[in-house]
file final13.cif (mmCIF, C-alpha atoms and all ligand atoms)
data_model
loop_
_atom_site.label_atom_id
_atom_site.label_comp_id
_atom_site.auth_asym_id
_atom_site.auth_seq_id
_atom_site.Cartn_x
_atom_site.Cartn_y
_atom_site.Cartn_z
CA MET A 1 -64.93 -38.17 -40.77
CA THR A 2 -64.55 -41.27 -38.71
CA TYR A 3 -67.21 -42.21 -36.20
CA LYS A 4 -64.78 -41.62 -33.36
CA ILE A 5 -64.02 -38.11 -34.52
CA ARG A 6 -67.76 -37.45 -35.08
CA VAL A 7 -68.55 -38.59 -31.53
CA LEU A 8 -65.73 -36.50 -30.16
CA LEU A 9 -67.03 -33.50 -32.09
CA ILE A 10 -70.57 -33.99 -30.81
CA VAL A 11 -69.31 -34.35 -27.24
CA PHE A 12 -67.25 -31.19 -27.70
CA VAL A 13 -70.22 -29.19 -29.08
CA LEU A 14 -72.54 -30.50 -26.36
CA SER A 15 -70.12 -29.67 -23.58
CA LEU A 16 -69.57 -26.20 -25.06
CA SER A 17 -73.28 -25.43 -25.03
CA ALA A 18 -73.63 -26.93 -21.54
CA CYS A 19 -70.87 -24.64 -20.45
CA GLN A 20 -72.69 -21.63 -21.88
CA THR A 21 -75.95 -22.60 -20.20
CA ASN A 22 -74.07 -22.92 -16.93
CA ASN A 23 -72.60 -19.50 -17.42
CA LYS A 24 -76.03 -18.09 -18.08
CA ASP A 25 -77.37 -19.84 -15.00
CA SER A 26 -74.58 -18.63 -12.82
CA LYS A 27 -75.10 -15.12 -14.20
CA LYS A 28 -78.77 -15.40 -13.32
CA ASP A 29 -77.87 -16.55 -9.81
CA THR A 30 -75.48 -13.69 -9.28
CA SER A 31 -78.00 -11.12 -10.39
CA LYS A 32 -80.52 -12.71 -8.05
CA GLU A 33 -78.06 -12.30 -5.21
CA GLU A 34 -77.58 -8.68 -6.13
CA VAL A 35 -81.15 -7.86 -5.23
CA SER A 36 -80.64 -6.21 -1.90
CA LEU A 37 -81.35 -2.91 -0.22
CA LYS A 38 -77.73 -1.82 -0.41
CA GLU A 39 -77.56 -2.60 -4.14
CA HIS A 40 -80.91 -1.01 -4.83
CA PHE A 41 -79.85 2.28 -3.26
CA LYS A 42 -76.22 2.15 -4.38
CA GLY A 43 -75.18 5.55 -5.64
CA SER A 44 -77.94 7.20 -3.62
CA PHE A 45 -77.10 6.57 0.03
CA LEU A 46 -75.77 3.92 2.38
CA ILE A 47 -78.24 1.51 3.97
CA GLY A 48 -77.54 0.70 7.59
CA ALA A 49 -78.95 -1.26 10.50
CA ALA A 50 -78.61 -0.94 14.25
CA ILE A 51 -77.18 -4.15 15.64
CA ASN A 52 -77.21 -5.72 19.10
CA ASP A 53 -75.21 -8.20 21.19
CA SER A 54 -76.45 -11.23 19.28
CA HIS A 55 -74.94 -9.89 16.06
CA ILE A 56 -71.74 -8.76 17.71
CA ASP A 57 -71.12 -12.12 19.43
CA ARG A 58 -72.25 -13.80 16.16
CA SER A 59 -74.86 -16.00 17.88
CA ASP A 60 -77.60 -14.68 15.60
CA SER A 61 -76.24 -16.30 12.45
CA LEU A 62 -79.36 -15.61 10.38
CA GLY A 63 -79.21 -11.99 11.46
CA ILE A 64 -75.56 -11.76 10.42
CA GLN A 65 -76.40 -13.34 7.07
CA LEU A 66 -79.11 -10.76 6.47
CA LEU A 67 -76.84 -7.96 7.62
CA LYS A 68 -74.12 -8.92 5.16
CA LYS A 69 -76.52 -9.32 2.26
CA GLU A 70 -78.68 -6.25 2.70
CA PHE A 71 -76.74 -3.57 4.56
CA ASN A 72 -73.47 -1.71 4.12
CA SER A 73 -73.44 0.22 7.41
CA ILE A 74 -73.88 -0.62 11.09
CA THR A 75 -74.72 1.32 14.25
CA PRO A 76 -74.46 -0.20 17.74
CA GLU A 77 -77.96 -0.13 19.26
CA ASN A 78 -76.71 0.08 22.86
CA ILE A 79 -73.19 -1.15 23.59
CA MET A 80 -71.34 2.08 22.88
CA LYS A 81 -73.50 4.21 25.16
CA TRP A 82 -71.77 5.84 28.12
CA MET A 83 -73.20 3.52 30.82
CA TYR A 84 -71.81 0.46 29.03
CA VAL A 85 -68.54 1.71 27.64
CA HIS A 86 -67.47 3.96 30.53
CA PRO A 87 -69.33 2.63 33.59
CA GLU A 88 -66.91 3.99 36.19
CA LYS A 89 -64.79 7.13 36.11
CA ASP A 90 -61.58 5.19 35.71
CA SER A 91 -62.74 2.17 33.78
CA TYR A 92 -63.74 1.62 30.23
CA PHE A 93 -65.24 -1.56 28.80
CA PHE A 94 -64.09 -2.02 25.23
CA ASP A 95 -64.48 -5.79 24.75
CA THR A 96 -67.83 -5.56 22.99
CA THR A 97 -67.15 -2.31 21.15
CA ASP A 98 -63.90 -3.77 19.75
CA LYS A 99 -65.85 -6.78 18.48
CA TYR A 100 -68.46 -4.48 16.98
CA VAL A 101 -65.83 -2.55 15.05
CA ALA A 102 -64.11 -5.78 13.95
CA LEU A 103 -67.41 -7.08 12.55
CA GLY A 104 -67.86 -3.94 10.50
CA GLN A 105 -64.27 -3.97 9.26
CA GLU A 106 -64.38 -7.62 8.21
CA ASN A 107 -67.39 -6.88 6.07
CA GLY A 108 -66.18 -3.58 4.66
CA MET A 109 -69.05 -1.71 6.26
CA TYR A 110 -69.44 1.97 7.09
CA ILE A 111 -69.17 1.94 10.87
CA VAL A 112 -71.11 4.39 13.02
CA GLY A 113 -70.32 5.23 16.64
CA HIS A 114 -73.44 5.87 18.74
CA ASN A 115 -72.89 7.96 20.75
CA LEU A 116 -70.41 10.15 22.62
CA VAL A 117 -72.58 12.53 24.66
CA TRP A 118 -76.17 11.84 25.71
CA HIS A 119 -78.16 12.45 28.90
CA SER A 120 -79.86 9.03 28.63
CA GLN A 121 -78.15 5.70 29.32
CA LEU A 122 -75.46 7.73 31.02
CA ALA A 123 -73.23 6.25 33.74
CA ASP A 124 -74.43 7.07 37.27
CA TRP A 125 -71.10 8.58 38.29
CA VAL A 126 -71.54 11.49 35.87
CA ASN A 127 -74.85 12.78 37.27
CA PRO A 128 -73.57 14.35 40.53
CA ILE A 129 -71.05 16.57 38.72
CA LYS A 130 -71.83 20.23 39.45
CA ASP A 131 -68.73 22.09 38.35
CA SER A 132 -68.29 23.24 34.76
CA LEU A 133 -64.52 22.75 34.70
CA GLU A 134 -64.87 19.24 36.05
CA MET A 135 -67.54 18.45 33.46
CA ALA A 136 -65.35 19.85 30.68
CA SER A 137 -62.46 17.66 31.72
CA VAL A 138 -64.69 14.56 32.04
CA LEU A 139 -66.15 15.16 28.58
CA LYS A 140 -62.72 15.71 27.04
CA GLU A 141 -61.32 12.56 28.54
CA HIS A 142 -64.37 10.47 27.58
CA ILE A 143 -64.52 11.67 23.98
CA ASN A 144 -60.80 11.58 23.41
CA THR A 145 -60.37 8.07 24.86
CA ILE A 146 -63.13 6.54 22.75
CA ALA A 147 -62.77 8.45 19.50
CA SER A 148 -58.96 8.04 19.46
CA ARG A 149 -59.22 4.32 20.07
CA TYR A 150 -61.30 3.94 16.92
CA LYS A 151 -59.54 6.61 14.86
CA GLY A 152 -59.69 5.66 11.19
CA LYS A 153 -61.99 2.75 12.02
CA ILE A 154 -65.26 4.38 13.04
CA ASP A 155 -66.44 6.37 10.04
CA ALA A 156 -69.04 8.58 11.70
CA TRP A 157 -69.84 9.64 15.24
CA ASP A 158 -73.13 10.71 16.73
CA VAL A 159 -71.19 13.24 18.78
CA VAL A 160 -74.12 14.68 20.70
CA ASN A 161 -77.52 13.03 20.97
CA GLU A 162 -80.81 14.79 21.78
CA ALA A 163 -79.60 18.09 23.26
CA LEU A 164 -82.80 20.01 22.46
CA ASN A 165 -86.32 20.33 23.83
CA GLU A 166 -89.37 20.08 21.58
CA ASP A 167 -89.48 23.89 21.26
CA GLY A 168 -85.88 24.01 20.08
CA THR A 169 -84.40 25.34 23.32
CA LEU A 170 -81.51 23.65 25.08
CA ARG A 171 -82.59 20.60 27.07
CA GLU A 172 -81.83 20.53 30.75
CA SER A 173 -79.26 17.86 31.47
CA VAL A 174 -76.18 17.37 33.60
CA PHE A 175 -74.19 18.71 30.64
CA SER A 176 -76.21 21.88 30.05
CA ASN A 177 -76.68 22.46 33.79
CA THR A 178 -72.94 22.60 34.29
CA MET A 179 -71.71 24.07 30.99
CA GLY A 180 -74.68 25.69 29.24
CA ASP A 181 -74.51 25.13 25.49
CA GLY A 182 -70.70 25.20 25.72
CA PHE A 183 -70.69 21.41 26.05
CA LEU A 184 -71.74 21.12 22.41
CA GLU A 185 -68.80 23.09 21.09
CA LEU A 186 -66.41 21.24 23.38
CA ALA A 187 -67.78 17.86 22.28
CA PHE A 188 -67.52 18.56 18.55
CA LYS A 189 -64.06 20.12 18.84
CA GLU A 190 -62.76 17.25 20.95
CA ALA A 191 -64.16 14.63 18.56
CA ALA A 192 -62.56 16.42 15.59
CA LYS A 193 -59.23 16.53 17.41
CA ALA A 194 -59.38 12.82 18.22
CA ASP A 195 -60.25 11.79 14.66
CA PRO A 196 -60.07 14.61 12.10
CA ASP A 197 -61.41 12.40 9.30
CA ALA A 198 -64.50 11.06 11.05
CA THR A 199 -67.90 12.40 10.02
CA LEU A 200 -69.36 14.28 12.99
CA ILE A 201 -73.11 14.25 13.55
CA TYR A 202 -75.64 16.02 15.74
CA ASN A 203 -78.45 13.47 16.21
CA ASP A 204 -82.02 14.04 17.46
CA TYR A 205 -85.70 13.07 17.09
CA ASN A 206 -88.76 15.06 15.99
CA LEU A 207 -86.67 17.28 13.77
CA TRP A 208 -89.66 17.64 11.46
CA LYS A 209 -91.22 20.00 14.03
CA PRO A 210 -90.66 23.58 12.85
CA GLU A 211 -89.55 24.86 16.29
CA LYS A 212 -87.17 21.98 16.89
CA ARG A 213 -85.87 22.26 13.30
CA ASP A 214 -85.12 25.94 13.95
CA GLY A 215 -83.35 24.97 17.16
CA VAL A 216 -81.06 22.62 15.22
CA VAL A 217 -80.40 25.31 12.62
CA ARG A 218 -79.32 27.68 15.43
CA LEU A 219 -77.23 24.94 17.06
CA VAL A 220 -75.39 24.08 13.83
CA LYS A 221 -74.81 27.74 12.93
CA LYS A 222 -73.38 28.47 16.35
CA LEU A 223 -71.00 25.52 16.12
CA GLN A 224 -69.90 26.65 12.67
CA ASP A 225 -69.48 30.27 13.79
CA ASN A 226 -67.30 29.09 16.66
CA GLY A 227 -65.07 27.06 14.35
CA ALA A 228 -66.29 23.61 15.34
CA LYS A 229 -66.51 20.94 12.64
CA ILE A 230 -69.98 19.48 12.16
CA ASP A 231 -70.66 17.39 9.06
CA GLU A 232 -74.17 16.07 9.38
CA VAL A 233 -77.50 16.36 11.09
CA GLY A 234 -78.84 12.95 12.02
CA ILE A 235 -82.62 12.73 11.86
CA GLN A 236 -83.59 9.75 14.02
CA ALA A 237 -86.82 8.95 12.10
CA HIS A 238 -88.83 7.03 14.70
CA TRP A 239 -92.05 7.55 12.78
CA SER A 240 -95.55 6.06 12.48
CA LEU A 241 -98.04 5.21 9.76
CA GLU A 242 -99.71 8.59 10.25
CA GLY A 243 -96.89 11.02 10.75
CA PRO A 244 -94.86 13.09 10.40
CA SER A 245 -95.93 14.43 7.02
CA ILE A 246 -93.60 14.06 4.07
CA GLU A 247 -93.71 17.84 3.68
CA ASP A 248 -92.46 18.45 7.23
CA ILE A 249 -89.62 15.98 6.74
CA GLU A 250 -88.74 17.57 3.40
CA ASN A 251 -88.62 21.04 4.94
CA SER A 252 -86.06 19.79 7.45
CA ILE A 253 -83.92 18.14 4.76
CA ILE A 254 -83.85 21.45 2.90
CA ALA A 255 -83.26 23.63 5.97
CA PHE A 256 -80.33 21.53 7.19
CA SER A 257 -78.68 21.11 3.81
CA GLU A 258 -78.74 24.90 3.37
CA LEU A 259 -76.30 25.01 6.29
CA GLY A 260 -73.80 23.07 4.19
CA VAL A 261 -74.14 19.85 6.17
CA LYS A 262 -75.39 16.47 4.98
CA ILE A 263 -78.40 14.67 6.39
CA SER A 264 -78.48 11.09 7.59
CA PHE A 265 -81.58 9.22 8.70
CA THR A 266 -80.06 7.45 11.63
CA GLU A 267 -82.78 5.39 13.35
CA LEU A 268 -85.57 4.67 10.89
CA ASP A 269 -88.59 2.61 11.95
CA VAL A 270 -92.34 2.97 11.42
CA THR A 271 -94.60 1.81 14.25
CA VAL A 272 -97.95 0.27 13.29
CA LEU A 273 -99.32 0.16 16.85
CA PRO A 274 -101.78 2.54 18.50
CA ASN A 275 -100.48 5.64 20.20
CA PRO A 276 -103.55 7.27 21.73
CA TRP A 277 -101.74 9.28 24.36
CA GLU A 278 -100.27 11.75 21.88
CA LEU A 279 -96.74 10.63 22.45
CA ASP A 280 -94.79 11.84 19.44
CA GLY A 281 -91.16 11.70 20.37
CA ALA A 282 -88.62 9.05 21.12
CA ALA A 283 -87.57 9.98 24.65
CA VAL A 284 -86.40 6.62 25.91
CA ASN A 285 -87.46 7.26 29.50
CA GLN A 286 -91.13 7.42 28.58
CA ASN A 287 -93.01 4.30 29.57
CA TYR A 288 -96.67 3.59 29.79
CA ASP A 289 -96.79 0.63 32.16
CA GLU A 290 -100.50 1.00 32.78
CA PHE A 291 -101.16 -0.13 29.20
CA GLU A 292 -99.06 -3.29 29.51
CA GLY A 293 -101.18 -6.34 28.66
CA ASP A 294 -104.08 -4.24 27.32
CA PRO A 295 -105.17 -6.00 24.09
CA LYS A 296 -106.38 -2.70 22.60
CA MET A 297 -102.79 -1.51 22.69
CA ASN A 298 -101.50 -4.71 21.09
CA PRO A 299 -103.93 -5.46 18.26
CA TYR A 300 -101.76 -7.73 16.08
CA PRO A 301 -100.11 -10.32 18.35
CA ASN A 302 -100.44 -13.07 15.71
CA GLY A 303 -99.60 -11.24 12.50
CA LEU A 304 -100.29 -8.06 10.61
CA PRO A 305 -103.53 -7.85 8.56
CA ASP A 306 -103.05 -7.30 4.82
CA SER A 307 -104.66 -3.87 5.04
CA VAL A 308 -101.98 -2.70 7.49
CA LYS A 309 -99.20 -4.35 5.47
CA LEU A 310 -100.38 -2.26 2.56
CA LYS A 311 -100.38 0.92 4.65
CA LEU A 312 -96.86 0.20 5.89
CA SER A 313 -95.65 -0.41 2.37
CA LYS A 314 -97.28 2.78 1.08
CA ARG A 315 -95.81 4.80 3.97
CA TYR A 316 -92.29 3.49 3.36
CA GLN A 317 -92.65 4.13 -0.38
CA ASP A 318 -93.53 7.76 0.30
CA ILE A 319 -90.56 7.99 2.66
CA PHE A 320 -88.08 6.44 0.25
CA ASN A 321 -89.41 8.48 -2.67
CA LEU A 322 -88.62 11.57 -0.63
CA PHE A 323 -85.16 10.27 0.27
CA THR A 324 -84.45 9.49 -3.37
CA LYS A 325 -85.62 12.92 -4.47
CA HIS A 326 -83.01 14.43 -2.13
CA LYS A 327 -80.34 11.76 -2.48
CA GLU A 328 -77.56 14.32 -3.04
CA LYS A 329 -78.25 15.73 0.40
CA ILE A 330 -78.51 12.37 2.18
CA SER A 331 -75.53 10.21 3.07
CA ARG A 332 -77.13 7.28 4.89
CA VAL A 333 -80.42 5.70 5.87
CA THR A 334 -80.13 3.39 8.88
CA PHE A 335 -82.94 1.16 10.15
CA TRP A 336 -83.20 0.84 13.93
CA GLY A 337 -82.85 -2.94 13.98
CA VAL A 338 -82.46 -5.83 11.54
CA GLN A 339 -85.79 -7.65 11.87
CA ASP A 340 -89.14 -7.00 13.57
CA GLY A 341 -88.58 -9.40 16.47
CA GLN A 342 -85.53 -7.46 17.61
CA SER A 343 -87.03 -3.99 17.39
CA TRP A 344 -87.08 -1.81 20.52
CA LEU A 345 -90.66 -0.89 19.50
CA ASN A 346 -91.89 -4.24 20.86
CA ASN A 347 -91.10 -2.87 24.32
CA TRP A 348 -91.21 0.89 24.01
CA PRO A 349 -93.17 2.80 25.11
CA ILE A 350 -95.27 -0.15 26.32
CA ASN A 351 -93.66 -3.44 27.25
CA GLY A 352 -94.48 -6.75 25.59
CA ARG A 353 -96.21 -5.71 22.36
CA THR A 354 -95.84 -7.17 18.87
CA ASN A 355 -94.76 -4.50 16.41
CA TYR A 356 -93.83 -4.70 12.71
CA PRO A 357 -91.73 -1.61 12.00
CA LEU A 358 -88.88 -2.96 9.83
CA PHE A 359 -88.34 -4.64 6.42
CA PHE A 360 -87.73 -8.21 7.65
CA ASP A 361 -90.09 -10.41 9.66
CA ARG A 362 -89.41 -12.49 12.76
CA ASN A 363 -88.22 -15.36 10.54
CA TYR A 364 -85.69 -13.11 8.82
CA GLN A 365 -87.80 -13.11 5.66
CA PRO A 366 -88.32 -10.00 3.52
CA LYS A 367 -91.77 -8.48 4.02
CA LYS A 368 -94.17 -7.04 1.43
CA VAL A 369 -92.74 -3.58 2.11
CA TYR A 370 -89.25 -4.85 1.18
CA THR A 371 -90.40 -6.42 -2.08
CA ASP A 372 -92.39 -3.33 -3.00
CA ILE A 373 -89.45 -1.01 -2.37
CA ILE A 374 -86.96 -3.24 -4.16
CA SER A 375 -89.13 -3.58 -7.24
CA ALA A 376 -89.87 0.17 -7.48
CA LYS A 377 -87.55 2.02 -9.86
CA ASN A 378 -87.05 4.85 -7.45
CA ASN A 379 -83.38 5.52 -7.11
C1 LIG B 1 -82.87 2.62 22.35
C2 LIG B 1 -82.56 1.14 22.17
O1 LIG B 1 -83.08 0.70 20.94
C3 LIG B 1 -83.17 0.34 23.31
O2 LIG B 1 -82.76 -1.01 23.25
C4 LIG B 1 -82.75 0.93 24.66
O3 LIG B 1 -83.41 0.26 25.70
C5 LIG B 1 -83.06 2.41 24.72
O4 LIG B 1 -82.45 3.07 23.61
N1 LIG B 1 -82.91 7.31 20.38
C6 LIG B 1 -81.61 6.85 20.34
C7 LIG B 1 -81.34 5.42 20.55
O5 LIG B 1 -80.69 7.63 20.04
O6 LIG B 1 -80.11 5.19 21.19
C8 LIG B 1 -82.45 4.74 21.32
O7 LIG B 1 -82.17 3.35 21.36
C9 LIG B 1 -83.80 5.04 20.68
C10 LIG B 1 -84.07 6.53 20.68
#

call {"tool": "encode", "arguments": {"input": "final13.cif", "output": "structure tokens", "more": "lines below"}}
Ligand code: XIL
result
Amino acid sequence: MTYKIRVLLIVFVLSLSACQTNNKDSKKDTSKEEVSLKEHFKGSFLIGAAINDSHIDRSDSLGIQLLKKEFNSITPENIMKWMYVHPEKDSYFFDTTDKYVALGQENGMYIVGHNLVWHSQLADWVNPIKDSLEMASVLKEHINTIASRYKGKIDAWDVVNEALNEDGTLRESVFSNTMGDGFLELAFKEAAKADPDATLIYNDYNLWKPEKRDGVVRLVKKLQDNGAKIDEVGIQAHWSLEGPSIEDIENSIIAFSELGVKISFTELDVTVLPNPWELDGAAVNQNYDEFEGDPKMNPYPNGLPDSVKLKLSKRYQDIFNLFTKHKEKISRVTFWGVQDGQSWLNNWPINGRTNYPLFFDRNYQPKKVYTDIISAKNN
């Protein structure tokens, strides 16, 4: 073998092995990239996040990056609510909602519409309505206009939000005052007409409470008996370190799935801040201004102590272990926000606090709770 050929051979062998190492490296890199919430829970349920204007107008580029990597579903935190999308009787504002849907489509995400009928964040012009026929026609027009516009694009609708009191009875609202519980049937039937393939959800908080759980069971049964399509119960899941108990949540998962509907956890967050006034719901009109600025109510303005990080991680592990145990019954788990700094819990029910309820910190970095969940073999 001539020297030239020997050199050529050596170069060939070396480059072959370099090529293999590269392949290995690139394989390693890819698998690193695959570590994400959506991959971890693939085959169990979708992992979503509520997003806000800064994601929709793409100004929060780090937020968008995180969204694409970790989540496969989105919910609009505010922009699709009645007061924003239908502010006057004869005018709709679809600029932002169109952009929201486009963002989800571009990234192949499961797109949620939140929501069609809710007494909160309602447009002022709806409140004076007194007549049931007028309300029925307003609801039909509202639901049909929005749900038809996004037919085949929005995968699931929170059709009715928070229609029940804590004891499971029908909440007083402009809808129930005019139409009784008939507005529920009308809303679900109208949504199904506008988009027969969309998943239709009844969404509410505190559904772990036995009386409210029973109220939802009655509500779903009545809809089914009257021939309305309802596919899921959405459990909002605004929870805390202390409660609700895993057993109460599990009882609701079982009770709802026995009705033949799926369960989605639509607004998951876990507050770590004190709540000494026995507030246990998520009614958005509650506000405790007198506590604003009180350091006792805002104990962690500069970071969460390790002991609380541990509690948060343990709490979320219990929660996700439960979800995984019932994965066949659960279609989606959506966090109410992308990272801690953007969570509504910094301002609700007391303004100006520093809360830590999500999986990513204010610098868009994964927290201990994220790493602990991702490394657990629980799905
Ligand atoms: C909250 C938003 O996160 C806040 O930004 C807004 O000020 C009030 O509404 N239940 C729901 C959500 O269904 O729409 C609420 O979102 C939280 C409680």

call {"tool": "closest_atom_pairs", "arguments": {"input": "final13.cif", "of": "chain A", "to": "ligand LIG 1 (chain B)", "cutoff": "10 Å", "atoms": "only C-alpha atoms and all ligand atoms", "output": "CSV"}}
result
residue,atom,partner,partner_atom,distance
A:Ala50,CA,B:LIG1,O1,8.2
A:Ile51,CA,B:LIG1,O1,9.3
A:Asn52,CA,B:LIG1,O2,8.4
A:Thr75,CA,B:LIG1,O6,9.6
A:Pro76,CA,B:LIG1,O6,8.5
A:Glu77,CA,B:LIG1,O1,5.5
A:Asn78,CA,B:LIG1,C2,6.0
A:Ile79,CA,B:LIG1,O2,9.6
A:Met80,CA,B:LIG1,O6,9.5
A:Lys81,CA,B:LIG1,O6,7.8
A:His114,CA,B:LIG1,O6,7.1
A:Asn115,CA,B:LIG1,O6,7.7
A:Trp118,CA,B:LIG1,O5,8.4
A:Ser120,CA,B:LIG1,O4,8.2
A:Gln121,CA,B:LIG1,C5,7.5
A:Asp158,CA,B:LIG1,O5,8.8
A:Val160,CA,B:LIG1,O5,9.7
A:Asn161,CA,B:LIG1,O5,6.3
A:Glu162,CA,B:LIG1,O5,7.4
A:Asn203,CA,B:LIG1,O5,7.3
A:Asp204,CA,B:LIG1,O5,7.0
A:Tyr205,CA,B:LIG1,N1,7.2
A:Gly234,CA,B:LIG1,O5,9.8
A:Ile235,CA,B:LIG1,O5,9.8
A:Gln236,CA,B:LIG1,N1,6.8
A:Ala237,CA,B:LIG1,N1,9.3
A:His238,CA,B:LIG1,C10,7.7
A:Thr266,CA,B:LIG1,O5,8.4
A:Glu267,CA,B:LIG1,C6,7.2
A:Leu268,CA,B:LIG1,C9,10.0
A:Gly281,CA,B:LIG1,C10,8.8
A:Ala282,CA,B:LIG1,C10,5.2
A:Ala283,CA,B:LIG1,C10,6.3
A:Val284,CA,B:LIG1,C5,5.5
A:Asn285,CA,B:LIG1,C5,8.1
A:Trp336,CA,B:LIG1,O1,7.0
A:Gly337,CA,B:LIG1,O1,7.9
A:Gln342,CA,B:LIG1,O2,9.0
A:Ser343,CA,B:LIG1,O1,7.1
A:Trp344,CA,B:LIG1,O1,4.7
A:Leu345,CA,B:LIG1,O1,7.9
A:Asn346,CA,B:LIG1,O2,10.0
A:Asn347,CA,B:LIG1,O3,8.4
A:Trp348,CA,B:LIG1,O3,8.0

call {"tool": "write_last_selection", "arguments": {"input": "final13.cif", "atoms": "C-alpha atoms", "output": "JSON list (two decimals), in the frame of the given file"}}
result
[["chain", "number", "residue", "atom", "x", "y", "z"],
["A", 50, "ALA", "CA", -78.61, -0.94, 14.25],
["A", 51, "ILE", "CA", -77.18, -4.15, 15.64],
["A", 52, "ASN", "CA", -77.21, -5.72, 19.10],
["A", 75, "THR", "CA", -74.72, 1.32, 14.25],
["A", 76, "PRO", "CA", -74.46, -0.20, 17.74],
["A", 77, "GLU", "CA", -77.96, -0.13, 19.26],
["A", 78, "ASN", "CA", -76.71, 0.08, 22.86],
["A", 79, "ILE", "CA", -73.19, -1.15, 23.59],
["A", 80, "MET", "CA", -71.34, 2.08, 22.88],
["A", 81, "LYS", "CA", -73.50, 4.21, 25.16],
["A", 114, "HIS", "CA", -73.44, 5.87, 18.74],
["A", 115, "ASN", "CA", -72.89, 7.96, 20.75],
["A", 118, "TRP", "CA", -76.17, 11.84, 25.71],
["A", 120, "SER", "CA", -79.86, 9.03, 28.63],
["A", 121, "GLN", "CA", -78.15, 5.70, 29.32],
["A", 158, "ASP", "CA", -73.13, 10.71, 16.73],
["A", 160, "VAL", "CA", -74.12, 14.68, 20.70],
["A", 161, "ASN", "CA", -77.52, 13.03, 20.97],
["A", 162, "GLU", "CA", -80.81, 14.79, 21.78],
["A", 203, "ASN", "CA", -78.45, 13.47, 16.21],
["A", 204, "ASP", "CA", -82.02, 14.04, 17.46],
["A", 205, "TYR", "CA", -85.70, 13.07, 17.09],
["A", 234, "GLY", "CA", -78.84, 12.95, 12.02],
["A", 235, "ILE", "CA", -82.62, 12.73, 11.86],
["A", 236, "GLN", "CA", -83.59, 9.75, 14.02],
["A", 237, "ALA", "CA", -86.82, 8.95, 12.10],
["A", 238, "HIS", "CA", -88.83, 7.03, 14.70],
["A", 266, "THR", "CA", -80.06, 7.45, 11.63],
["A", 267, "GLU", "CA", -82.78, 5.39, 13.35],
["A", 268, "LEU", "CA", -85.57, 4.67, 10.89],
["A", 281, "GLY", "CA", -91.16, 11.70, 20.37],
["A", 282, "ALA", "CA", -88.62, 9.05, 21.12],
["A", 283, "ALA", "CA", -87.57, 9.98, 24.65],
["A", 284, "VAL", "CA", -86.40, 6.62, 25.91],
["A", 285, "ASN", "CA", -87.46, 7.26, 29.50],
["A", 336, "TRP", "CA", -83.20, 0.84, 13.93],
["A", 337, "GLY", "CA", -82.85, -2.94, 13.98],
["A", 342, "GLN", "CA", -85.53, -7.46, 17.61],
["A", 343, "SER", "CA", -87.03, -3.99, 17.39],
["A", 344, "TRP", "CA", -87.08, -1.81, 20.52],
["A", 345, "LEU", "CA", -90.66, -0.89, 19.50],
["A", 346, "ASN", "CA", -91.89, -4.24, 20.86],
["A", 347, "ASN", "CA", -91.10, -2.87, 24.32],
["A", 348, "TRP", "CA", -91.21, 0.89, 24.01]]

call {"tool": "atom_distance", "arguments": {"input": "final13.cif", "atom1": "atom CA of Tyr150 of chain A", "atom2": "atom CA of Ile330 of chain A"}}
result
24.2 Å

call {"tool": "residues_around", "arguments": {"input": "final13.cif", "residues": "Pro357 of chain A", "least_positions_apart": "2", "cutoff": "9 Å", "atoms": "only C-alpha atoms", "output": "JSON, numbers by chain"}}
result
{"A": [240, 268, 269, 270, 271, 272, 312, 339, 340, 343, 345, 355, 359, 360]}

call {"tool": "write_last_selection", "arguments": {"input": "final13.cif", "atoms": "C-alpha atoms", "output": "PDB file, in the coordinates of the input"}}
result
ATOM      1  CA  SER A 240     -95.550   6.060  12.480  1.00  0.00           C
ATOM      2  CA  LEU A 268     -85.570   4.670  10.890  1.00  0.00           C
ATOM      3  CA  ASP A 269     -88.590   2.610  11.950  1.00  0.00           C
ATOM      4  CA  VAL A 270     -92.340   2.970  11.420  1.00  0.00           C
ATOM      5  CA  THR A 271     -94.600   1.810  14.250  1.00  0.00           C
ATOM      6  CA  VAL A 272     -97.950   0.270  13.290  1.00  0.00           C
ATOM      7  CA  LEU A 312     -96.860   0.200   5.890  1.00  0.00           C
ATOM      8  CA  GLN A 339     -85.790  -7.650  11.870  1.00  0.00           C
ATOM      9  CA  ASP A 340     -89.140  -7.000  13.570  1.00  0.00           C
ATOM     10  CA  SER A 343     -87.030  -3.990  17.390  1.00  0.00           C
ATOM     11  CA  LEU A 345     -90.660  -0.890  19.500  1.00  0.00           C
ATOM     12  CA  ASN A 355     -94.760  -4.500  16.410  1.00  0.00           C
ATOM     13  CA  PHE A 359     -88.340  -4.640   6.420  1.00  0.00           C
ATOM     14  CA  PHE A 360     -87.730  -8.210   7.650  1.00  0.00           C
TER      15      PHE A 360
END

call {"tool": "closest_residue", "arguments": {"input": "final13.cif", "among": "A:Lys89, A:Lys193, A:Lys296, A:Lys212", "to": "Ile129 of chain A", "atoms": "all atoms listed in the file"}}
result
A:Lys89

call {"tool": "closest_residue", "arguments": {"input": "final13.cif", "among": "A:Val174, A:Ile230, A:Leu310, A:Leu186", "to": "Trp157 of chain A", "atoms": "all atoms listed in the file"}}
result
A:Ile230

call {"tool": "residues_around", "arguments": {"input": "final13.cif", "residues": "segment 245-250 of chain A", "least_positions_apart": "6", "cutoff": "9 Å", "atoms": "all atoms listed in the file", "output": "PyMOL selection string"}}
result
chain A and resi 207-210+318-319+322-323+326

call {"tool": "residues_around", "arguments": {"input": "final13.cif", "residues": "His142 of chain A", "least_positions_apart": "4", "cutoff": "10 Å", "atoms": "all atoms listed in the file", "output": "VMD selection string"}}
result
chain A and resid 82 85 to 86 89 92 116 to 117 136 to 138 146 to 147 187 190 to 191
